[in-house]
$ cat data-v2.cif   # mmCIF, C-alpha atoms
data_input
#
loop_
_atom_site.label_atom_id
_atom_site.label_comp_id
_atom_site.auth_asym_id
_atom_site.auth_seq_id
_atom_site.Cartn_x
_atom_site.Cartn_y
_atom_site.Cartn_z
CA MET J 1 0.00 0.00 0.00
CA ASN J 2 1.13 3.52 -0.67
CA LYS J 3 2.37 5.56 2.26
CA LEU J 4 0.41 8.79 2.47
CA SER J 5 2.29 12.03 2.02
CA ILE J 6 2.18 14.98 4.33
CA VAL J 7 2.67 17.41 1.50
CA LEU J 8 -1.09 17.81 1.13
CA MET J 9 -1.46 18.42 4.86
CA LEU J 10 1.00 21.29 4.67
CA LEU J 11 -1.02 22.86 1.89
CA ILE J 12 -4.19 22.84 3.97
CA SER J 13 -3.16 25.20 6.74
CA VAL J 14 -0.27 26.53 8.71
CA THR J 15 -2.35 28.39 11.21
CA ALA J 16 -3.76 26.84 14.32
CA LYS J 17 -7.50 26.55 14.44
CA SER J 18 -10.18 24.28 15.77
CA GLN J 19 -10.19 20.89 14.08
CA LYS J 20 -12.88 19.95 11.62
CA ILE J 21 -13.11 17.98 8.41
CA GLU J 22 -11.41 20.20 5.88
CA ASP J 23 -11.89 18.26 2.66
CA ARG J 24 -13.14 14.99 1.16
CA TRP J 25 -12.45 13.68 -2.33
CA LEU J 26 -12.43 10.54 -4.45
CA ASP J 27 -9.70 9.35 -6.76
CA SER J 28 -10.44 7.69 -10.10
CA ASN J 29 -10.66 4.29 -8.36
CA GLN J 30 -13.31 5.65 -5.97
CA HIS J 31 -10.93 5.54 -2.99
CA ILE J 32 -11.97 8.14 -0.41
CA TYR J 33 -9.58 10.67 1.15
CA ILE J 34 -10.64 12.78 4.13
CA ILE J 35 -8.42 15.48 5.65
CA SER J 36 -8.89 17.34 8.93
CA SER J 37 -7.76 20.88 9.55
CA LEU J 38 -4.73 21.45 11.76
CA ASP J 39 -4.81 22.54 15.38
CA THR J 40 -2.14 23.32 17.93
CA LEU J 41 -1.14 20.64 20.41
CA ALA J 42 1.04 22.77 22.66
CA ARG J 43 1.95 26.28 23.79
CA GLY J 44 1.93 28.96 21.16
CA GLU J 45 0.35 28.66 17.78
CA LYS J 46 3.28 27.10 15.95
CA ASP J 47 5.09 24.93 18.49
CA CYS J 48 3.28 21.77 17.48
CA LEU J 49 0.46 21.26 14.98
CA ILE J 50 -1.58 18.09 14.56
CA GLY J 51 -4.07 16.87 12.01
CA GLY J 52 -5.61 13.65 10.77
CA MET J 53 -6.39 11.79 7.59
CA ILE J 54 -8.66 8.89 6.68
CA TYR J 55 -8.03 6.82 3.56
CA ASN J 56 -10.83 4.44 2.61
CA GLN J 57 -10.15 1.69 0.11
CA ASP J 58 -12.57 -1.18 -0.56
CA SER J 59 -14.69 -0.17 2.47
CA ILE J 60 -11.69 -0.36 4.83
CA SER J 61 -10.66 2.89 6.53
CA ILE J 62 -7.00 3.54 7.28
CA TYR J 63 -6.27 6.35 9.75
CA CYS J 64 -3.20 8.60 9.90
CA LEU J 65 -2.00 11.32 12.22
CA TYR J 66 0.09 14.21 10.98
CA LEU J 67 2.43 16.02 13.38
CA ALA J 68 4.48 19.15 12.63
CA ILE J 69 6.86 20.59 15.20
CA PHE J 70 8.64 23.92 14.90
CA SER J 71 11.75 24.01 17.06
CA SER J 72 14.41 26.46 18.11
CA TYR J 73 16.86 23.56 17.70
CA LYS J 74 18.56 22.89 14.39
CA ILE J 75 17.50 19.41 13.22
CA ASP J 76 19.79 17.32 11.01
CA PRO J 77 17.72 16.48 7.87
CA LEU J 78 19.38 13.04 7.69
CA SER J 79 18.59 12.23 11.29
CA VAL J 80 15.81 9.86 12.30
CA VAL J 81 13.23 11.76 14.36
CA HIS J 82 11.43 9.88 17.13
CA VAL J 83 8.43 11.53 18.82
CA GLU J 84 6.85 10.29 22.03
CA ILE J 85 3.45 11.66 23.01
CA LEU J 86 3.06 11.07 26.75
CA LEU J 87 -0.53 10.81 27.90
CA GLU J 88 -1.80 11.78 31.35
CA ASN J 89 -2.53 8.11 32.15
CA GLY J 90 1.17 7.27 31.71
CA GLU J 91 0.90 5.60 28.29
CA ILE J 92 3.24 6.63 25.48
CA PHE J 93 2.21 6.95 21.86
CA ALA J 94 5.27 6.91 19.58
CA MET J 95 5.72 8.24 16.06
CA GLU J 96 8.94 7.80 14.12
CA ASP J 97 10.33 9.20 10.91
CA SER J 98 11.22 6.15 8.88
CA SER J 99 13.68 8.23 6.79
CA ASP J 100 11.98 7.10 3.60
CA LYS J 101 11.62 10.75 2.54
CA THR J 102 7.83 10.84 2.95
CA ASN J 103 8.31 12.96 6.06
CA LEU J 104 9.64 16.49 5.87
CA ILE J 105 12.59 17.60 7.96
CA ARG J 106 13.83 21.17 7.65
CA GLU J 107 16.48 23.06 9.56
CA ASN J 108 14.28 23.89 12.54
CA SER J 109 11.05 21.99 11.86
CA PHE J 110 9.80 18.60 10.83
CA ALA J 111 6.58 16.89 9.91
CA ILE J 112 5.67 13.24 10.36
CA THR J 113 2.70 11.24 9.10
CA ASP J 114 2.10 7.89 10.76
CA TYR J 115 -0.61 5.25 10.61
CA ILE J 116 -2.80 4.76 13.68
CA THR J 117 -5.21 1.97 14.58
CA ILE J 118 -8.78 2.37 15.80
CA ASP J 119 -7.73 1.01 19.23
CA GLU J 120 -4.98 3.64 19.46
CA LEU J 121 -7.43 6.37 18.45
CA LYS J 122 -9.79 5.23 21.22
CA LYS J 123 -6.95 5.44 23.77
CA LEU J 124 -6.00 8.91 22.55
CA GLU J 125 -9.65 9.99 22.64
CA ASN J 126 -9.88 9.30 26.38
CA ASN J 127 -6.48 10.54 27.57
CA PRO J 128 -5.20 14.14 27.39
CA VAL J 129 -1.59 14.78 26.37
CA PHE J 130 0.85 15.50 29.21
CA MET J 131 3.95 16.31 27.12
CA ILE J 132 5.73 15.58 23.87
CA ARG J 133 9.33 14.35 23.75
CA VAL J 134 11.33 14.73 20.55
CA LEU J 135 14.50 12.70 20.06
CA THR J 136 16.88 13.07 17.12
CA LYS J 137 20.43 11.92 16.55
CA ASN J 138 21.86 15.07 18.17
CA ASP J 139 19.04 16.65 20.15
CA ARG J 140 16.37 15.88 22.70
CA PHE J 141 13.73 18.39 23.71
CA ILE J 142 10.36 18.47 25.43
CA ILE J 143 7.19 20.34 24.52
CA LYS J 144 4.88 20.73 27.51
CA THR J 145 1.17 20.98 26.92
CA SER J 146 -1.35 22.89 28.98
CA GLU J 147 -5.10 23.45 28.93
CA PRO J 148 -6.87 23.55 26.53
CA PHE J 149 -4.19 22.10 24.24
CA ALA J 150 -3.89 18.85 26.22
CA ASN J 151 -7.31 17.85 24.85
CA THR J 152 -6.58 18.66 21.20
CA LEU J 153 -5.54 15.09 20.37
CA CYS J 154 -8.59 13.74 22.25
CA LYS J 155 -10.87 15.89 20.09
CA LEU J 156 -9.05 14.94 16.88
CA SER J 157 -9.32 11.23 17.70
CA LYS J 158 -13.03 11.60 18.38
CA LEU J 159 -13.49 13.52 15.13
CA LEU J 160 -11.72 10.82 13.09
CA LEU J 161 -13.63 7.99 14.77
CA GLU J 162 -17.01 9.68 14.27
CA THR J 163 -16.45 10.79 10.66
CA ASN J 164 -18.65 9.05 8.15
CA VAL J 165 -16.39 8.61 5.12
CA TYR J 166 -19.40 8.04 2.86
CA GLU J 167 -21.08 11.33 3.73
CA GLU J 168 -20.82 13.85 0.92
CA PHE J 169 -18.73 16.78 2.13
CA LYS J 170 -17.00 18.99 -0.41
CA SER J 171 -16.59 15.74 -2.32
CA VAL J 172 -14.90 15.93 -5.70
CA THR J 173 -13.32 13.35 -7.98
CA HIS J 174 -9.67 13.61 -9.02
CA ASP J 175 -7.70 11.73 -11.64
CA ASP J 176 -4.73 9.68 -10.45
CA GLU J 177 -2.45 12.29 -12.04
CA ASP J 178 -3.85 14.92 -9.66
CA LEU J 179 -3.07 12.75 -6.62
CA LYS J 180 0.62 12.18 -7.29
CA VAL J 181 1.32 14.78 -4.62
CA VAL J 182 -0.74 12.74 -2.13
CA ALA J 183 0.75 9.26 -2.32
CA TYR J 184 4.28 7.93 -2.56
CA PRO J 185 5.13 4.43 -3.85
#
$ encode --input "data-v2.cif" --output "structure tokens"
Amino acid sequence: MNKLSIVLMLLISVTAKSQKIEDRWLDSNQHIYIISSLDTLARGEKDCLIGGMIYNQDSISIYCLYLAIFSSYKIDPLSVVHVEILLENGEIFAMEDSSDKTNLIRENSFAITDYITIDELKKLENNPVFMIRVLTKNDRFIIKTSEPFANTLCKLSKLLLETNVYEEFKSVTHDDEDLKVVAYP
């Protein structure tokens, strides 16, 4: 299966706002793509943005989370980035850049898209975020969350779980050529 690109997510929004379903479209094979808007997960409007995506193929929905972190640290673009989202109940949700070039790493920011299961979404829905740890080859830093940002991931998880992929919402059909920016081999 194709790994979904975060390029489209970056085109949606770079400003923090309340999460909602931003767009829905079909490709020429009638596969459904649903994108949420981005919202902040931590202090400030650009410390850490999060969004979600649902890809539905043959009546099976595949969920993804998108995470973008803007840092004062210089991040090596060849470094593997490991992100740990610590929940208030003590559980850790991990996301890792697989260095397959589908994730974007810039000098002081990076973006990761990772698959997530329904069970993981349910855990995230019920547990606010305590903090986010970022580990790279050369750096380690922590992003602390506070109210109301601690519940951003809970709300996003609920939104993804409750979204009806078959409901018409700004639905348009695209040719496969149009979606080359969306999916990598």
$ atom_distance --input "data-v2.cif" --atom1 "atom CA of J:Ile35" --atom2 "atom CA of J:Glu120"
18.5 Å
$ resolve_selection --input "data-v2.cif" --expression "the PyMOL selection byres ((chain J and resi 68-76) around 8)" --output "PyMOL selection string"
chain J and resi 46-50+66-67+77-79+105-112+136-139
$ closest_residue --input "data-v2.cif" --among "J:Asp119, J:Glu91, J:Asp39, J:Glu168" --to "J:Ser18" --atoms "all atoms listed in the file"
J:Asp39
$ closest_residue --input "data-v2.cif" --among "J:Glu22, J:Glu84, J:Asp58, J:Asp27" --to "J:Arg133" --atoms "all atoms listed in the file"
J:Glu84
$ atom_distance --input "data-v2.cif" --atom1 "atom CA of J:Val165" --atom2 "atom CA of J:Lys123"
21.1 Å
$ atom_distance --input "data-v2.cif" --atom1 "atom CA of J:Leu38" --atom2 "atom CA of J:Gly51"
4.6 Å
$ resolve_selection --input "data-v2.cif" --expression "the PyMOL selection byres ((chain J and resi 155) around 10)" --output "PyMOL selection string"
chain J and resi 18-20+124-126+128+150-154+156-161
$ closest_residue --input "data-v2.cif" --among "J:Tyr63, J:Phe149, J:Tyr33, J:Tyr166" --to "J:Phe130" --atoms "only C-alpha atoms"
J:Phe149
$ resolve_selection --input "data-v2.cif" --expression "the PyMOL selection byres ((chain J and resi 89) around 9)" --output "JSON, numbers by chain"
{"J": [86, 87, 88, 90, 91, 92, 127, 128, 129, 130]}
$ closest_residue --input "data-v2.cif" --among "J:Leu65, J:Ile132, J:Gln57, J:Tyr115" --to "J:Val83" --atoms "only C-alpha atoms"
J:Ile132
$ closest_residue --input "data-v2.cif" --among "J:Ile116, J:Met53, J:Ile142, J:Leu121" --to "J:Met95" --atoms "all atoms listed in the file"
J:Ile116
$ residues_around --input "data-v2.cif" --residues "J:Ser59" --least-positions-apart "2" --cutoff "12 Å" --atoms "all atoms listed in the file" --output "PDB file with C-alpha atoms, in the coordinates of the input"
ATOM      1  CA  GLN J  30     -13.310   5.650  -5.970  1.00  0.00           C
ATOM      2  CA  HIS J  31     -10.930   5.540  -2.990  1.00  0.00           C
ATOM      3  CA  ILE J  32     -11.970   8.140  -0.410  1.00  0.00           C
ATOM      4  CA  ILE J  54      -8.660   8.890   6.680  1.00  0.00           C
ATOM      5  CA  TYR J  55      -8.030   6.820   3.560  1.00  0.00           C
ATOM      6  CA  ASN J  56     -10.830   4.440   2.610  1.00  0.00           C
ATOM      7  CA  GLN J  57     -10.150   1.690   0.110  1.00  0.00           C
ATOM      8  CA  SER J  61     -10.660   2.890   6.530  1.00  0.00           C
ATOM      9  CA  ILE J  62      -7.000   3.540   7.280  1.00  0.00           C
ATOM     10  CA  ASN J 164     -18.650   9.050   8.150  1.00  0.00           C
ATOM     11  CA  VAL J 165     -16.390   8.610   5.120  1.00  0.00           C
ATOM     12  CA  TYR J 166     -19.400   8.040   2.860  1.00  0.00           C
TER      13      TYR J 166
END
$ decode --input "data-v2.cif" --residues "stretch 156-169 of chain J" --atoms "all heavy atoms" --output "PDB file, in the first residue's frame"
ATOM      1  N   LEU J 156      -9.365  15.415  18.224  1.00  0.00           N
ATOM      2  CA  LEU J 156      -9.051  14.938  16.877  1.00  0.00           C
ATOM      3  C   LEU J 156      -9.388  13.455  16.746  1.00  0.00           C
ATOM      4  O   LEU J 156      -9.978  13.030  15.745  1.00  0.00           O
ATOM      5  CB  LEU J 156      -7.574  15.171  16.546  1.00  0.00           C
ATOM      6  CG  LEU J 156      -7.109  14.587  15.211  1.00  0.00           C
ATOM      7  CD1 LEU J 156      -7.858  15.219  14.036  1.00  0.00           C
ATOM      8  CD2 LEU J 156      -5.612  14.749  15.048  1.00  0.00           C
ATOM      9  N   SER J 157      -9.022  12.663  17.739  1.00  0.00           N
ATOM     10  CA  SER J 157      -9.317  11.228  17.703  1.00  0.00           C
ATOM     11  C   SER J 157     -10.818  10.985  17.614  1.00  0.00           C
ATOM     12  O   SER J 157     -11.280  10.154  16.825  1.00  0.00           O
ATOM     13  CB  SER J 157      -8.747  10.537  18.944  1.00  0.00           C
ATOM     14  OG  SER J 157      -7.353  10.687  18.977  1.00  0.00           O
ATOM     15  N   LYS J 158     -11.567  11.730  18.415  1.00  0.00           N
ATOM     16  CA  LYS J 158     -13.029  11.597  18.383  1.00  0.00           C
ATOM     17  C   LYS J 158     -13.574  11.986  17.015  1.00  0.00           C
ATOM     18  O   LYS J 158     -14.446  11.306  16.456  1.00  0.00           O
ATOM     19  CB  LYS J 158     -13.650  12.466  19.476  1.00  0.00           C
ATOM     20  CG  LYS J 158     -15.145  12.369  19.546  1.00  0.00           C
ATOM     21  CD  LYS J 158     -15.714  13.176  20.695  1.00  0.00           C
ATOM     22  CE  LYS J 158     -17.229  12.996  20.704  1.00  0.00           C
ATOM     23  NZ  LYS J 158     -17.855  13.544  21.860  1.00  0.00           N
ATOM     24  N   LEU J 159     -13.059  13.072  16.442  1.00  0.00           N
ATOM     25  CA  LEU J 159     -13.492  13.524  15.128  1.00  0.00           C
ATOM     26  C   LEU J 159     -13.242  12.451  14.069  1.00  0.00           C
ATOM     27  O   LEU J 159     -14.116  12.130  13.261  1.00  0.00           O
ATOM     28  CB  LEU J 159     -12.762  14.814  14.749  1.00  0.00           C
ATOM     29  CG  LEU J 159     -13.020  15.358  13.345  1.00  0.00           C
ATOM     30  CD1 LEU J 159     -14.464  15.836  13.203  1.00  0.00           C
ATOM     31  CD2 LEU J 159     -12.050  16.481  13.036  1.00  0.00           C
ATOM     32  N   LEU J 160     -12.047  11.849  14.081  1.00  0.00           N
ATOM     33  CA  LEU J 160     -11.717  10.817  13.091  1.00  0.00           C
ATOM     34  C   LEU J 160     -12.600   9.589  13.262  1.00  0.00           C
ATOM     35  O   LEU J 160     -13.076   9.014  12.277  1.00  0.00           O
ATOM     36  CB  LEU J 160     -10.243  10.437  13.185  1.00  0.00           C
ATOM     37  CG  LEU J 160      -9.234  11.511  12.782  1.00  0.00           C
ATOM     38  CD1 LEU J 160      -7.812  11.036  13.009  1.00  0.00           C
ATOM     39  CD2 LEU J 160      -9.431  11.942  11.343  1.00  0.00           C
ATOM     40  N   LEU J 161     -12.809   9.180  14.517  1.00  0.00           N
ATOM     41  CA  LEU J 161     -13.629   7.992  14.770  1.00  0.00           C
ATOM     42  C   LEU J 161     -15.091   8.198  14.397  1.00  0.00           C
ATOM     43  O   LEU J 161     -15.765   7.258  13.981  1.00  0.00           O
ATOM     44  CB  LEU J 161     -13.520   7.581  16.241  1.00  0.00           C
ATOM     45  CG  LEU J 161     -12.181   6.980  16.660  1.00  0.00           C
ATOM     46  CD1 LEU J 161     -12.093   6.864  18.175  1.00  0.00           C
ATOM     47  CD2 LEU J 161     -11.970   5.619  16.002  1.00  0.00           C
ATOM     48  N   GLU J 162     -15.594   9.410  14.534  1.00  0.00           N
ATOM     49  CA  GLU J 162     -17.009   9.678  14.266  1.00  0.00           C
ATOM     50  C   GLU J 162     -17.287  10.116  12.828  1.00  0.00           C
ATOM     51  O   GLU J 162     -18.441  10.259  12.444  1.00  0.00           O
ATOM     52  CB  GLU J 162     -17.533  10.747  15.228  1.00  0.00           C
ATOM     53  CG  GLU J 162     -17.607  10.267  16.650  1.00  0.00           C
ATOM     54  CD  GLU J 162     -18.114  11.325  17.616  1.00  0.00           C
ATOM     55  OE1 GLU J 162     -18.286  12.494  17.205  1.00  0.00           O
ATOM     56  OE2 GLU J 162     -18.336  10.979  18.780  1.00  0.00           O
ATOM     57  N   THR J 163     -16.252  10.326  12.031  1.00  0.00           N
ATOM     58  CA  THR J 163     -16.446  10.794  10.664  1.00  0.00           C
ATOM     59  C   THR J 163     -16.993   9.682   9.786  1.00  0.00           C
ATOM     60  O   THR J 163     -16.439   8.584   9.745  1.00  0.00           O
ATOM     61  CB  THR J 163     -15.119  11.314  10.074  1.00  0.00           C
ATOM     62  OG1 THR J 163     -14.691  12.436  10.844  1.00  0.00           O
ATOM     63  CG2 THR J 163     -15.277  11.722   8.628  1.00  0.00           C
ATOM     64  N   ASN J 164     -18.061   9.974   9.104  1.00  0.00           N
ATOM     65  CA  ASN J 164     -18.650   9.045   8.148  1.00  0.00           C
ATOM     66  C   ASN J 164     -17.998   9.311   6.797  1.00  0.00           C
ATOM     67  O   ASN J 164     -18.256  10.334   6.164  1.00  0.00           O
ATOM     68  CB  ASN J 164     -20.166   9.257   8.074  1.00  0.00           C
ATOM     69  CG  ASN J 164     -20.845   8.355   7.071  1.00  0.00           C
ATOM     70  OD1 ASN J 164     -20.197   7.612   6.343  1.00  0.00           O
ATOM     71  ND2 ASN J 164     -22.153   8.427   7.018  1.00  0.00           N
ATOM     72  N   VAL J 165     -17.147   8.391   6.351  1.00  0.00           N
ATOM     73  CA  VAL J 165     -16.393   8.612   5.118  1.00  0.00           C
ATOM     74  C   VAL J 165     -17.287   8.642   3.887  1.00  0.00           C
ATOM     75  O   VAL J 165     -16.891   9.157   2.841  1.00  0.00           O
ATOM     76  CB  VAL J 165     -15.280   7.556   4.924  1.00  0.00           C
ATOM     77  CG1 VAL J 165     -14.248   7.656   6.018  1.00  0.00           C
ATOM     78  CG2 VAL J 165     -15.859   6.159   4.833  1.00  0.00           C
ATOM     79  N   TYR J 166     -18.493   8.104   4.012  1.00  0.00           N
ATOM     80  CA  TYR J 166     -19.398   8.039   2.864  1.00  0.00           C
ATOM     81  C   TYR J 166     -20.298   9.266   2.747  1.00  0.00           C
ATOM     82  O   TYR J 166     -20.985   9.442   1.756  1.00  0.00           O
ATOM     83  CB  TYR J 166     -20.250   6.770   2.944  1.00  0.00           C
ATOM     84  CG  TYR J 166     -19.381   5.537   3.022  1.00  0.00           C
ATOM     85  CD1 TYR J 166     -19.237   4.851   4.215  1.00  0.00           C
ATOM     86  CD2 TYR J 166     -18.669   5.101   1.913  1.00  0.00           C
ATOM     87  CE1 TYR J 166     -18.408   3.743   4.289  1.00  0.00           C
ATOM     88  CE2 TYR J 166     -17.835   4.008   1.983  1.00  0.00           C
ATOM     89  CZ  TYR J 166     -17.710   3.325   3.174  1.00  0.00           C
ATOM     90  OH  TYR J 166     -16.879   2.233   3.255  1.00  0.00           O
ATOM     91  N   GLU J 167     -20.271  10.120   3.758  1.00  0.00           N
ATOM     92  CA  GLU J 167     -21.082  11.330   3.726  1.00  0.00           C
ATOM     93  C   GLU J 167     -20.472  12.330   2.756  1.00  0.00           C
ATOM     94  O   GLU J 167     -19.272  12.597   2.785  1.00  0.00           O
ATOM     95  CB  GLU J 167     -21.133  11.937   5.134  1.00  0.00           C
ATOM     96  CG  GLU J 167     -21.983  13.169   5.251  1.00  0.00           C
ATOM     97  CD  GLU J 167     -21.976  13.695   6.682  1.00  0.00           C
ATOM     98  OE1 GLU J 167     -21.952  12.879   7.621  1.00  0.00           O
ATOM     99  OE2 GLU J 167     -21.967  14.919   6.834  1.00  0.00           O
ATOM    100  N   GLU J 168     -21.305  12.875   1.893  1.00  0.00           N
ATOM    101  CA  GLU J 168     -20.823  13.849   0.922  1.00  0.00           C
ATOM    102  C   GLU J 168     -20.451  15.146   1.640  1.00  0.00           C
ATOM    103  O   GLU J 168     -21.274  15.744   2.310  1.00  0.00           O
ATOM    104  CB  GLU J 168     -21.898  14.136  -0.124  1.00  0.00           C
ATOM    105  CG  GLU J 168     -22.194  12.955  -1.021  1.00  0.00           C
ATOM    106  CD  GLU J 168     -21.057  12.592  -1.945  1.00  0.00           C
ATOM    107  OE1 GLU J 168     -20.336  13.499  -2.397  1.00  0.00           O
ATOM    108  OE2 GLU J 168     -20.872  11.386  -2.200  1.00  0.00           O
ATOM    109  N   PHE J 169     -19.207  15.551   1.515  1.00  0.00           N
ATOM    110  CA  PHE J 169     -18.733  16.784   2.127  1.00  0.00           C
ATOM    111  C   PHE J 169     -17.655  17.351   1.230  1.00  0.00           C
ATOM    112  O   PHE J 169     -16.564  16.792   1.140  1.00  0.00           O
ATOM    113  CB  PHE J 169     -18.168  16.516   3.528  1.00  0.00           C
ATOM    114  CG  PHE J 169     -17.542  17.728   4.148  1.00  0.00           C
ATOM    115  CD1 PHE J 169     -18.322  18.677   4.777  1.00  0.00           C
ATOM    116  CD2 PHE J 169     -16.178  17.934   4.074  1.00  0.00           C
ATOM    117  CE1 PHE J 169     -17.752  19.808   5.333  1.00  0.00           C
ATOM    118  CE2 PHE J 169     -15.596  19.065   4.631  1.00  0.00           C
ATOM    119  CZ  PHE J 169     -16.388  19.996   5.259  1.00  0.00           C
TER     120      PHE J 169
END
